[in-house]
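Source file: structure_38.cif. Holds: mmCIF, N, CA and C atoms.
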```cif
data_data
#
loop_
_atom_site.label_atom_id
_atom_site.label_comp_id
_atom_site.auth_asym_id
_atom_site.auth_seq_id
_atom_site.Cartn_x
_atom_site.Cartn_y
_atom_site.Cartn_z
N MET A 1 0.85 -1.17 0.00
CA MET A 1 0.00 0.00 0.00
C MET A 1 0.89 1.24 0.00
N SER A 2 0.64 2.14 -0.93
CA SER A 2 1.48 3.32 -1.05
C SER A 2 1.01 4.41 -0.09
N MET A 3 1.93 5.29 0.27
CA MET A 3 1.57 6.44 1.10
C MET A 3 1.83 7.71 0.29
N ARG A 4 1.61 7.62 -1.00
CA ARG A 4 1.82 8.74 -1.89
C ARG A 4 0.75 9.79 -1.63
N SER A 5 1.15 11.04 -1.67
CA SER A 5 0.20 12.12 -1.43
C SER A 5 -0.05 12.88 -2.73
N VAL A 6 -1.19 13.51 -2.81
CA VAL A 6 -1.53 14.33 -3.97
C VAL A 6 -0.49 15.45 -4.08
N THR A 7 -0.12 15.79 -5.31
CA THR A 7 0.87 16.84 -5.54
C THR A 7 0.19 18.20 -5.72
N LEU A 8 0.96 19.25 -5.63
CA LEU A 8 0.42 20.59 -5.84
C LEU A 8 -0.09 20.73 -7.28
N ALA A 9 0.63 20.17 -8.24
CA ALA A 9 0.18 20.24 -9.64
C ALA A 9 -1.17 19.54 -9.81
N GLN A 10 -1.32 18.37 -9.20
CA GLN A 10 -2.60 17.66 -9.26
C GLN A 10 -3.69 18.46 -8.55
N ALA A 11 -3.37 19.05 -7.42
CA ALA A 11 -4.35 19.85 -6.67
C ALA A 11 -4.85 21.03 -7.51
N ARG A 12 -3.97 21.67 -8.25
CA ARG A 12 -4.37 22.79 -9.11
C ARG A 12 -5.32 22.34 -10.21
N ILE A 13 -5.06 21.17 -10.79
CA ILE A 13 -5.95 20.62 -11.81
C ILE A 13 -7.32 20.33 -11.19
N ILE A 14 -7.31 19.71 -10.01
CA ILE A 14 -8.56 19.39 -9.32
C ILE A 14 -9.38 20.65 -9.07
N ILE A 15 -8.74 21.68 -8.57
CA ILE A 15 -9.44 22.94 -8.27
C ILE A 15 -9.98 23.57 -9.55
N ASP A 16 -9.15 23.66 -10.59
CA ASP A 16 -9.61 24.27 -11.84
C ASP A 16 -10.82 23.55 -12.41
N GLN A 17 -10.80 22.22 -12.41
CA GLN A 17 -11.92 21.46 -12.96
C GLN A 17 -13.15 21.58 -12.07
N ALA A 18 -12.96 21.51 -10.77
CA ALA A 18 -14.10 21.62 -9.84
C ALA A 18 -14.80 22.97 -10.03
N LEU A 19 -14.03 24.01 -10.26
CA LEU A 19 -14.61 25.35 -10.44
C LEU A 19 -15.28 25.51 -11.81
N SER A 20 -14.90 24.69 -12.78
CA SER A 20 -15.51 24.82 -14.10
C SER A 20 -16.63 23.82 -14.35
N ALA A 21 -16.89 22.95 -13.38
CA ALA A 21 -17.95 21.94 -13.52
C ALA A 21 -19.32 22.61 -13.42
N PRO A 22 -20.39 21.92 -13.86
CA PRO A 22 -21.73 22.50 -13.88
C PRO A 22 -22.23 22.93 -12.50
N ARG A 23 -23.11 23.93 -12.53
CA ARG A 23 -23.71 24.47 -11.30
C ARG A 23 -25.22 24.55 -11.47
N SER A 24 -25.90 24.67 -10.36
CA SER A 24 -27.36 24.75 -10.41
C SER A 24 -27.83 26.09 -10.98
N SER A 25 -27.02 27.13 -10.82
CA SER A 25 -27.33 28.42 -11.42
C SER A 25 -26.03 29.21 -11.55
N PRO A 26 -25.97 30.15 -12.49
CA PRO A 26 -24.72 30.87 -12.74
C PRO A 26 -24.28 31.79 -11.60
N ASP A 27 -25.17 32.09 -10.67
CA ASP A 27 -24.79 32.99 -9.58
C ASP A 27 -24.19 32.27 -8.37
N ARG A 28 -24.08 30.95 -8.42
CA ARG A 28 -23.48 30.21 -7.32
C ARG A 28 -21.96 30.39 -7.35
N ARG A 29 -21.37 30.66 -6.22
CA ARG A 29 -19.92 30.83 -6.09
C ARG A 29 -19.39 29.72 -5.19
N LEU A 30 -18.19 29.23 -5.53
CA LEU A 30 -17.64 28.06 -4.84
C LEU A 30 -16.31 28.34 -4.17
N ALA A 31 -15.99 27.48 -3.22
CA ALA A 31 -14.66 27.38 -2.65
C ALA A 31 -14.26 25.91 -2.75
N VAL A 32 -12.99 25.67 -3.06
CA VAL A 32 -12.47 24.31 -3.20
C VAL A 32 -11.17 24.22 -2.41
N ALA A 33 -11.07 23.18 -1.59
CA ALA A 33 -9.85 22.93 -0.81
C ALA A 33 -9.35 21.53 -1.10
N VAL A 34 -8.04 21.38 -1.22
CA VAL A 34 -7.41 20.08 -1.40
C VAL A 34 -6.43 19.88 -0.25
N CYS A 35 -6.59 18.76 0.44
CA CYS A 35 -5.69 18.39 1.53
C CYS A 35 -4.87 17.18 1.12
N ASP A 36 -3.69 17.08 1.68
CA ASP A 36 -2.84 15.92 1.41
C ASP A 36 -3.29 14.74 2.28
N ALA A 37 -2.58 13.64 2.19
CA ALA A 37 -2.97 12.42 2.91
C ALA A 37 -2.91 12.57 4.42
N GLY A 38 -2.19 13.58 4.91
CA GLY A 38 -2.13 13.84 6.34
C GLY A 38 -3.19 14.82 6.82
N GLY A 39 -4.02 15.31 5.89
CA GLY A 39 -5.07 16.25 6.25
C GLY A 39 -4.64 17.71 6.26
N HIS A 40 -3.45 17.99 5.75
CA HIS A 40 -2.94 19.36 5.72
C HIS A 40 -3.36 20.05 4.43
N LEU A 41 -3.78 21.29 4.53
CA LEU A 41 -4.22 22.05 3.36
C LEU A 41 -3.06 22.19 2.38
N LEU A 42 -3.30 21.79 1.14
CA LEU A 42 -2.29 21.86 0.09
C LEU A 42 -2.58 23.00 -0.86
N ALA A 43 -3.85 23.14 -1.26
CA ALA A 43 -4.24 24.19 -2.20
C ALA A 43 -5.68 24.58 -1.92
N PHE A 44 -5.98 25.83 -2.22
CA PHE A 44 -7.31 26.34 -1.91
C PHE A 44 -7.62 27.49 -2.85
N GLU A 45 -8.90 27.59 -3.23
CA GLU A 45 -9.34 28.74 -4.01
C GLU A 45 -10.79 29.04 -3.67
N ARG A 46 -11.08 30.33 -3.47
CA ARG A 46 -12.46 30.78 -3.25
C ARG A 46 -12.75 31.82 -4.32
N GLU A 47 -13.84 31.60 -5.05
CA GLU A 47 -14.19 32.52 -6.12
C GLU A 47 -14.60 33.88 -5.56
N GLY A 48 -14.35 34.90 -6.36
CA GLY A 48 -14.80 36.23 -5.99
C GLY A 48 -16.31 36.23 -5.81
N GLY A 49 -16.77 36.89 -4.79
CA GLY A 49 -18.20 36.93 -4.51
C GLY A 49 -18.69 35.80 -3.64
N ALA A 50 -17.85 34.79 -3.41
CA ALA A 50 -18.24 33.69 -2.52
C ALA A 50 -18.06 34.14 -1.08
N PRO A 51 -19.02 33.84 -0.22
CA PRO A 51 -18.86 34.22 1.18
C PRO A 51 -17.59 33.63 1.79
N PRO A 52 -16.86 34.40 2.60
CA PRO A 52 -15.62 33.90 3.19
C PRO A 52 -15.77 32.58 3.96
N LEU A 53 -16.91 32.37 4.60
CA LEU A 53 -17.10 31.14 5.36
C LEU A 53 -16.99 29.89 4.49
N LEU A 54 -17.32 30.01 3.19
CA LEU A 54 -17.26 28.84 2.31
C LEU A 54 -15.87 28.23 2.26
N GLY A 55 -14.84 29.06 2.34
CA GLY A 55 -13.48 28.54 2.33
C GLY A 55 -13.21 27.64 3.52
N HIS A 56 -13.69 28.05 4.68
CA HIS A 56 -13.50 27.25 5.88
C HIS A 56 -14.31 25.95 5.80
N ILE A 57 -15.50 26.03 5.23
CA ILE A 57 -16.34 24.84 5.08
C ILE A 57 -15.69 23.85 4.13
N ALA A 58 -15.17 24.33 2.99
CA ALA A 58 -14.52 23.46 2.02
C ALA A 58 -13.32 22.75 2.65
N GLN A 59 -12.51 23.49 3.39
CA GLN A 59 -11.35 22.89 4.05
C GLN A 59 -11.80 21.87 5.09
N ALA A 60 -12.82 22.19 5.87
CA ALA A 60 -13.31 21.26 6.89
C ALA A 60 -13.87 19.99 6.26
N LYS A 61 -14.51 20.11 5.09
CA LYS A 61 -15.02 18.91 4.41
C LYS A 61 -13.86 17.99 4.03
N ALA A 62 -12.81 18.55 3.43
CA ALA A 62 -11.66 17.73 3.03
C ALA A 62 -10.99 17.12 4.26
N GLN A 63 -10.80 17.90 5.30
CA GLN A 63 -10.13 17.40 6.50
C GLN A 63 -10.99 16.38 7.25
N THR A 64 -12.31 16.52 7.18
CA THR A 64 -13.19 15.53 7.80
C THR A 64 -12.93 14.15 7.22
N CYS A 65 -12.78 14.07 5.90
CA CYS A 65 -12.51 12.78 5.26
C CYS A 65 -11.27 12.13 5.87
N ILE A 66 -10.20 12.89 5.94
CA ILE A 66 -8.93 12.35 6.44
C ILE A 66 -9.04 12.01 7.93
N ALA A 67 -9.62 12.91 8.71
CA ALA A 67 -9.66 12.73 10.17
C ALA A 67 -10.51 11.53 10.59
N TYR A 68 -11.64 11.31 9.89
CA TYR A 68 -12.52 10.23 10.31
C TYR A 68 -12.48 9.01 9.40
N GLY A 69 -11.89 9.14 8.22
CA GLY A 69 -11.76 7.99 7.33
C GLY A 69 -13.02 7.66 6.55
N LYS A 70 -13.92 8.63 6.44
CA LYS A 70 -15.16 8.46 5.68
C LYS A 70 -15.39 9.71 4.85
N SER A 71 -16.05 9.55 3.71
CA SER A 71 -16.45 10.73 2.95
C SER A 71 -17.51 11.49 3.74
N THR A 72 -17.70 12.74 3.41
CA THR A 72 -18.72 13.50 4.14
C THR A 72 -20.12 13.00 3.81
N ALA A 73 -20.31 12.41 2.64
CA ALA A 73 -21.62 11.81 2.31
C ALA A 73 -21.89 10.61 3.21
N ASP A 74 -20.86 9.79 3.44
CA ASP A 74 -21.02 8.65 4.35
C ASP A 74 -21.31 9.14 5.77
N LEU A 75 -20.61 10.18 6.20
CA LEU A 75 -20.86 10.73 7.53
C LEU A 75 -22.26 11.32 7.64
N MET A 76 -22.75 11.91 6.56
CA MET A 76 -24.11 12.45 6.55
C MET A 76 -25.11 11.33 6.80
N ASP A 77 -24.93 10.21 6.10
CA ASP A 77 -25.82 9.07 6.31
C ASP A 77 -25.75 8.56 7.74
N MET A 78 -24.55 8.48 8.29
CA MET A 78 -24.36 8.00 9.65
C MET A 78 -24.97 8.97 10.67
N ALA A 79 -24.80 10.28 10.42
CA ALA A 79 -25.35 11.29 11.33
C ALA A 79 -26.87 11.25 11.34
N GLU A 80 -27.46 10.98 10.19
CA GLU A 80 -28.93 10.87 10.13
C GLU A 80 -29.41 9.63 10.87
N GLN A 81 -28.65 8.55 10.77
CA GLN A 81 -29.04 7.30 11.41
C GLN A 81 -28.77 7.31 12.92
N TRP A 82 -27.66 7.92 13.31
CA TRP A 82 -27.26 7.93 14.73
C TRP A 82 -26.88 9.34 15.16
N PRO A 83 -27.85 10.24 15.32
CA PRO A 83 -27.53 11.65 15.62
C PRO A 83 -26.79 11.84 16.95
N VAL A 84 -27.10 11.07 17.96
CA VAL A 84 -26.43 11.23 19.25
C VAL A 84 -24.95 10.84 19.12
N TRP A 85 -24.69 9.75 18.41
CA TRP A 85 -23.31 9.33 18.15
C TRP A 85 -22.55 10.42 17.41
N PHE A 86 -23.17 10.97 16.36
CA PHE A 86 -22.48 12.00 15.57
C PHE A 86 -22.20 13.24 16.41
N GLU A 87 -23.15 13.64 17.22
CA GLU A 87 -22.94 14.78 18.12
C GLU A 87 -21.72 14.53 19.00
N GLY A 88 -21.57 13.31 19.50
CA GLY A 88 -20.43 12.96 20.36
C GLY A 88 -19.11 13.02 19.63
N ILE A 89 -19.02 12.40 18.46
CA ILE A 89 -17.74 12.42 17.74
C ILE A 89 -17.42 13.82 17.25
N SER A 90 -18.44 14.60 16.92
CA SER A 90 -18.21 15.99 16.51
C SER A 90 -17.60 16.79 17.65
N ARG A 91 -18.11 16.58 18.83
CA ARG A 91 -17.59 17.30 20.01
C ARG A 91 -16.14 16.89 20.27
N VAL A 92 -15.85 15.59 20.22
CA VAL A 92 -14.47 15.13 20.44
C VAL A 92 -13.55 15.71 19.38
N SER A 93 -13.97 15.69 18.13
CA SER A 93 -13.15 16.22 17.04
C SER A 93 -12.85 17.70 17.27
N MET A 94 -13.85 18.46 17.65
CA MET A 94 -13.65 19.90 17.86
C MET A 94 -12.76 20.16 19.07
N GLU A 95 -13.02 19.44 20.17
CA GLU A 95 -12.25 19.67 21.39
C GLU A 95 -10.81 19.19 21.29
N ARG A 96 -10.59 18.05 20.64
CA ARG A 96 -9.25 17.46 20.61
C ARG A 96 -8.43 17.88 19.40
N MET A 97 -9.11 18.11 18.24
CA MET A 97 -8.38 18.42 17.01
C MET A 97 -8.64 19.83 16.51
N GLY A 98 -9.66 20.50 17.08
CA GLY A 98 -10.02 21.82 16.58
C GLY A 98 -10.69 21.76 15.22
N LEU A 99 -11.22 20.59 14.87
CA LEU A 99 -11.82 20.37 13.55
C LEU A 99 -13.30 20.05 13.68
N PRO A 100 -14.15 20.91 13.12
CA PRO A 100 -15.57 20.55 13.07
C PRO A 100 -15.78 19.48 12.01
N LEU A 101 -16.43 18.38 12.36
CA LEU A 101 -16.74 17.35 11.37
C LEU A 101 -17.93 17.81 10.55
N ILE A 102 -17.84 17.66 9.25
CA ILE A 102 -18.89 18.10 8.34
C ILE A 102 -19.62 16.87 7.83
N ALA A 103 -20.94 16.87 7.99
CA ALA A 103 -21.76 15.73 7.56
C ALA A 103 -22.74 16.19 6.48
N THR A 104 -22.17 16.59 5.35
CA THR A 104 -22.96 16.94 4.18
C THR A 104 -22.09 16.66 2.95
N ARG A 105 -22.69 16.45 1.83
CA ARG A 105 -21.93 16.08 0.63
C ARG A 105 -20.91 17.16 0.24
N GLY A 106 -19.83 16.71 -0.38
CA GLY A 106 -18.82 17.65 -0.89
C GLY A 106 -17.42 17.36 -0.41
N GLY A 107 -17.24 16.42 0.51
CA GLY A 107 -15.91 15.99 0.93
C GLY A 107 -15.65 14.60 0.37
N VAL A 108 -14.64 14.49 -0.50
CA VAL A 108 -14.40 13.26 -1.26
C VAL A 108 -12.91 12.90 -1.19
N PHE A 109 -12.63 11.62 -0.99
CA PHE A 109 -11.24 11.15 -0.98
C PHE A 109 -10.64 11.19 -2.38
N ILE A 110 -9.33 11.44 -2.43
CA ILE A 110 -8.51 11.30 -3.63
C ILE A 110 -7.74 10.00 -3.44
N ARG A 111 -7.88 9.09 -4.39
CA ARG A 111 -7.21 7.78 -4.28
C ARG A 111 -6.32 7.52 -5.48
N ASP A 112 -5.28 6.71 -5.26
CA ASP A 112 -4.45 6.28 -6.38
C ASP A 112 -5.08 5.03 -7.00
N THR A 113 -4.41 4.46 -7.98
CA THR A 113 -4.98 3.31 -8.69
C THR A 113 -5.11 2.08 -7.80
N ASP A 114 -4.35 2.02 -6.70
CA ASP A 114 -4.47 0.92 -5.74
C ASP A 114 -5.63 1.12 -4.77
N GLY A 115 -6.23 2.32 -4.79
CA GLY A 115 -7.29 2.64 -3.85
C GLY A 115 -6.77 3.27 -2.56
N SER A 116 -5.46 3.51 -2.50
CA SER A 116 -4.88 4.16 -1.31
C SER A 116 -5.22 5.64 -1.29
N VAL A 117 -5.45 6.17 -0.10
CA VAL A 117 -5.80 7.59 0.05
C VAL A 117 -4.57 8.46 -0.20
N MET A 118 -4.73 9.42 -1.11
CA MET A 118 -3.68 10.39 -1.42
C MET A 118 -4.02 11.76 -0.85
N GLY A 119 -5.27 11.94 -0.43
CA GLY A 119 -5.72 13.23 0.08
C GLY A 119 -7.23 13.30 -0.01
N ALA A 120 -7.75 14.51 0.05
CA ALA A 120 -9.20 14.70 -0.05
C ALA A 120 -9.49 16.09 -0.59
N VAL A 121 -10.66 16.21 -1.18
CA VAL A 121 -11.14 17.48 -1.73
C VAL A 121 -12.42 17.86 -1.00
N GLY A 122 -12.55 19.15 -0.71
CA GLY A 122 -13.79 19.68 -0.18
C GLY A 122 -14.28 20.79 -1.08
N VAL A 123 -15.55 20.72 -1.46
CA VAL A 123 -16.17 21.78 -2.27
C VAL A 123 -17.37 22.29 -1.50
N ALA A 124 -17.51 23.62 -1.44
CA ALA A 124 -18.63 24.24 -0.74
C ALA A 124 -19.18 25.40 -1.57
N GLY A 125 -20.49 25.61 -1.44
CA GLY A 125 -21.12 26.75 -2.09
C GLY A 125 -22.31 26.39 -2.94
N GLU A 126 -22.51 25.13 -3.17
CA GLU A 126 -23.61 24.64 -4.00
C GLU A 126 -24.47 23.71 -3.15
N ALA A 127 -25.51 23.19 -3.75
CA ALA A 127 -26.23 22.08 -3.14
C ALA A 127 -25.25 20.91 -3.04
N GLY A 128 -25.40 20.09 -2.02
CA GLY A 128 -24.44 19.03 -1.74
C GLY A 128 -24.14 18.11 -2.90
N GLU A 129 -25.17 17.76 -3.69
CA GLU A 129 -24.91 16.85 -4.80
C GLU A 129 -24.01 17.50 -5.85
N TYR A 130 -24.11 18.82 -6.03
CA TYR A 130 -23.21 19.52 -6.96
C TYR A 130 -21.81 19.61 -6.36
N ASP A 131 -21.71 19.95 -5.08
CA ASP A 131 -20.40 20.01 -4.44
C ASP A 131 -19.66 18.69 -4.62
N GLU A 132 -20.37 17.58 -4.36
CA GLU A 132 -19.76 16.26 -4.48
C GLU A 132 -19.38 15.95 -5.94
N ALA A 133 -20.28 16.22 -6.87
CA ALA A 133 -20.01 15.95 -8.30
C ALA A 133 -18.84 16.78 -8.80
N ASN A 134 -18.75 18.04 -8.35
CA ASN A 134 -17.65 18.90 -8.78
C ASN A 134 -16.32 18.41 -8.22
N ALA A 135 -16.33 17.93 -6.97
CA ALA A 135 -15.11 17.36 -6.39
C ALA A 135 -14.67 16.13 -7.18
N ILE A 136 -15.60 15.25 -7.50
CA ILE A 136 -15.28 14.03 -8.25
C ILE A 136 -14.77 14.38 -9.65
N ALA A 137 -15.40 15.35 -10.30
CA ALA A 137 -14.95 15.77 -11.64
C ALA A 137 -13.51 16.29 -11.57
N GLY A 138 -13.20 17.05 -10.54
CA GLY A 138 -11.85 17.56 -10.38
C GLY A 138 -10.83 16.45 -10.18
N ILE A 139 -11.17 15.50 -9.33
CA ILE A 139 -10.26 14.39 -9.05
C ILE A 139 -10.01 13.58 -10.32
N ARG A 140 -11.06 13.26 -11.04
CA ARG A 140 -10.90 12.47 -12.27
C ARG A 140 -10.10 13.22 -13.33
N SER A 141 -10.27 14.54 -13.40
CA SER A 141 -9.55 15.32 -14.41
C SER A 141 -8.03 15.30 -14.14
N ALA A 142 -7.65 15.06 -12.91
CA ALA A 142 -6.23 14.96 -12.56
C ALA A 142 -5.69 13.54 -12.77
N GLY A 143 -6.53 12.66 -13.33
CA GLY A 143 -6.11 11.29 -13.59
C GLY A 143 -6.08 10.41 -12.35
N LEU A 144 -6.82 10.84 -11.32
CA LEU A 144 -6.86 10.10 -10.07
C LEU A 144 -8.24 9.51 -9.85
N ALA A 145 -8.39 8.69 -8.84
CA ALA A 145 -9.65 8.03 -8.58
C ALA A 145 -10.36 8.70 -7.39
N ALA A 146 -11.68 8.78 -7.49
CA ALA A 146 -12.51 9.31 -6.42
C ALA A 146 -13.24 8.16 -5.74
N ASP A 147 -13.91 8.45 -4.64
CA ASP A 147 -14.65 7.41 -3.92
C ASP A 147 -15.58 6.62 -4.82
N ALA A 148 -16.21 7.29 -5.77
CA ALA A 148 -17.23 6.66 -6.61
C ALA A 148 -16.62 5.72 -7.65
N ASP A 149 -15.30 5.77 -7.85
CA ASP A 149 -14.68 4.94 -8.91
C ASP A 149 -14.42 3.52 -8.44
#
```
Translate this structure into structure tokens?
Amino acid sequence: MSMRSVTLAQARIIIDQALSAPRSSPDRRLAVAVCDAGGHLLAFEREGGAPPLLGHIAQAKAQTCIAYGKSTADLMDMAEQWPVWFEGISRVSMERMGLPLIATRGGVFIRDTDGSVMGAVGVAGEAGEYDEANAIAGIRSAGLAADAD
């Protein structure tokens, strides 16, 4: 199993593609964050006109994947099924790591051809299904595999 991390060049491709992917309406503005396999921010971009909070949400989505080992879509399903459990792990994550866990679509793992985690992408600013689709489009455009592959 490799411990290869996403590169800055790959992160730039991911961000460019995620920002050019389809949106629900032309007035939606996005933020995209790419973290390496250790959960450290590697690259980030927030479009002009996007609320500043979106950048923090995008980064938290990517870091949630790495910190908990699940995509944010998987965590969303788990939070809906076991809300008390999710409240507990969210509190531990915030108190011990300073990281709010995000349980909504848009945080997706970046994997190599072996399926090993190379990092994660977080997209914020759209409806969750668009955030997730834009993250996956970005990952694939860099020649890497996303959770859905």
Exercise. Counting only C-alpha atoms, what is within 6 Å of stretch 109-126 of chain A, bar same-chain residues fewer than 2 positions away, as a PyMOL selection string?
Worked result: chain A and resi 4-6+29-37+54+58-59+61-62+106-107+130-131+144-147
For this session: One decimal, Å: what's the distance from atom CA of A:Arg96 over to atom C of A:Glu132, could you say?
Result: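 Going from atom CA of A:Arg96 over to atom C of A:Glu132 covers 28.5 Å.
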Problem set entry | Residue list (alpha helix (DSSP H), DSSP) for stretch 76-143 of chain A, as JSON, numbers by chain | {"A": [76, 77, 78, 79, 80, 81, 83, 84, 85, 86, 87, 88, 89, 90, 91, 92, 93, 94, 95, 96, 97, 128, 129, 130, 131, 132, 133, 134, 135, 136, 137, 138, 139, 140, 141]}
Problem set entry | Minimum-distance residue to A:Ala133, chosen among A:Ile57, A:Ala21, A:Ile13, A:Leu101 (using all atoms listed in the file) |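 Smallest distance to A:Ala133 is found for A:Ala21.
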For this session: Report the residues retrieved by the PyMOL selection byres (((chain A and resi 103 and name CA) around 6) and name CA) from the displayed file, expressed as a VMD selection string.
Result: chain A and resid 72 75 to 76 102 104
Exercise. What does the distance between atom N of A:Gly69 and atom N of A:Leu41 come to in Å, to one decimal place?
Worked result: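 For atom N of A:Gly69 relative to atom N of A:Leu41, the distance reads 15.1 Å.
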For this session: Write down as JSON, numbers by chain the residues belonging to chain A that are assigned strand (DSSP E or B) by DSSP computed on the backbone.
Result: {"A": [31, 32, 33, 34, 35, 36, 41, 42, 43, 44, 45, 46, 107, 108, 109, 110, 111, 117, 118, 119, 120, 121, 122, 123, 124, 145, 146]}
For this session: Could you jot down the atom C of A:Gln17 to atom CA of A:Ile139 separation for me, Å, one decimal place?
Result: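 Going from atom C of A:Gln17 over to atom CA of A:Ile139 covers 8.3 Å.
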Exercise. Closest to A:Arg46 among A:Ala137, A:Asp16, A:Phe86, A:Ser71, using only C-alpha atoms?
Worked result: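 Looking only at the distances to A:Arg46, the closest residue turns out to be A:Asp16.
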Exercise. Which is closest to A:Thr64 among A:Gln10, A:Ser90, A:Ser25, A:Gln81, if we use only C-alpha atoms?
Worked result: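 Of A:Gln10, A:Ser90, A:Ser25, A:Gln81, the one nearest A:Thr64 is A:Ser90, counting only C-alpha atoms.
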For this session: Find, counting only C-alpha atoms, the residue in A:Arg12, A:Glu87, A:Arg105, A:Ala67 that gets nearest to A:Ala127.
Result: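 Smallest distance to A:Ala127 is found for A:Arg105.
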Exercise. Nearest to A:Leu19: which of A:Leu99, A:Ala135, A:Cys65, A:Leu42 is it, counting only C-alpha atoms?
Worked result: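 Result for the nearest residue to A:Leu19: A:Ala135.
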Some atoms are absent from stretch 25-31 of chain A, so rebuild all heavy atoms and return them as a short mmCIF file (atom, residue, chain, number, x, y, z; two decimals), in the frame of the given file.
```
data_model
loop_
_atom_site.label_atom_id
_atom_site.label_comp_id
_atom_site.auth_asym_id
_atom_site.auth_seq_id
_atom_site.Cartn_x
_atom_site.Cartn_y
_atom_site.Cartn_z
N SER A 25 -27.02 27.13 -10.82
CA SER A 25 -27.33 28.42 -11.42
C SER A 25 -26.03 29.21 -11.55
O SER A 25 -25.08 28.98 -10.79
CB SER A 25 -28.36 29.20 -10.58
OG SER A 25 -27.78 29.65 -9.38
N PRO A 26 -25.97 30.15 -12.49
CA PRO A 26 -24.72 30.87 -12.74
C PRO A 26 -24.28 31.79 -11.60
O PRO A 26 -23.13 32.20 -11.56
CB PRO A 26 -25.02 31.68 -14.00
CG PRO A 26 -26.48 31.69 -14.16
CD PRO A 26 -27.03 30.51 -13.41
N ASP A 27 -25.17 32.09 -10.67
CA ASP A 27 -24.79 32.99 -9.58
C ASP A 27 -24.19 32.27 -8.37
O ASP A 27 -23.81 32.91 -7.40
CB ASP A 27 -25.99 33.85 -9.15
CG ASP A 27 -27.15 33.01 -8.62
OD1 ASP A 27 -27.29 31.85 -9.04
OD2 ASP A 27 -27.91 33.54 -7.79
N ARG A 28 -24.08 30.95 -8.42
CA ARG A 28 -23.48 30.21 -7.32
C ARG A 28 -21.96 30.39 -7.35
O ARG A 28 -21.34 30.28 -8.40
CB ARG A 28 -23.82 28.72 -7.40
CG ARG A 28 -25.30 28.39 -7.30
CD ARG A 28 -25.97 28.88 -6.03
NE ARG A 28 -25.61 28.15 -4.85
CZ ARG A 28 -26.42 27.31 -4.21
NH1 ARG A 28 -27.66 27.09 -4.65
NH2 ARG A 28 -26.02 26.70 -3.13
N ARG A 29 -21.37 30.66 -6.22
CA ARG A 29 -19.92 30.83 -6.09
C ARG A 29 -19.39 29.72 -5.19
O ARG A 29 -20.02 29.36 -4.20
CB ARG A 29 -19.57 32.20 -5.51
CG ARG A 29 -20.02 33.36 -6.39
CD ARG A 29 -19.19 33.39 -7.67
NE ARG A 29 -19.68 34.39 -8.60
CZ ARG A 29 -20.36 34.11 -9.71
NH1 ARG A 29 -20.64 32.86 -10.02
NH2 ARG A 29 -20.75 35.06 -10.51
N LEU A 30 -18.19 29.23 -5.53
CA LEU A 30 -17.64 28.06 -4.84
C LEU A 30 -16.31 28.34 -4.17
O LEU A 30 -15.59 29.27 -4.54
CB LEU A 30 -17.42 26.91 -5.83
CG LEU A 30 -18.61 26.39 -6.62
CD1 LEU A 30 -18.16 25.26 -7.53
CD2 LEU A 30 -19.72 25.95 -5.69
N ALA A 31 -15.99 27.48 -3.22
CA ALA A 31 -14.66 27.38 -2.65
C ALA A 31 -14.26 25.91 -2.75
O ALA A 31 -15.09 25.02 -2.57
CB ALA A 31 -14.65 27.84 -1.20
#
```
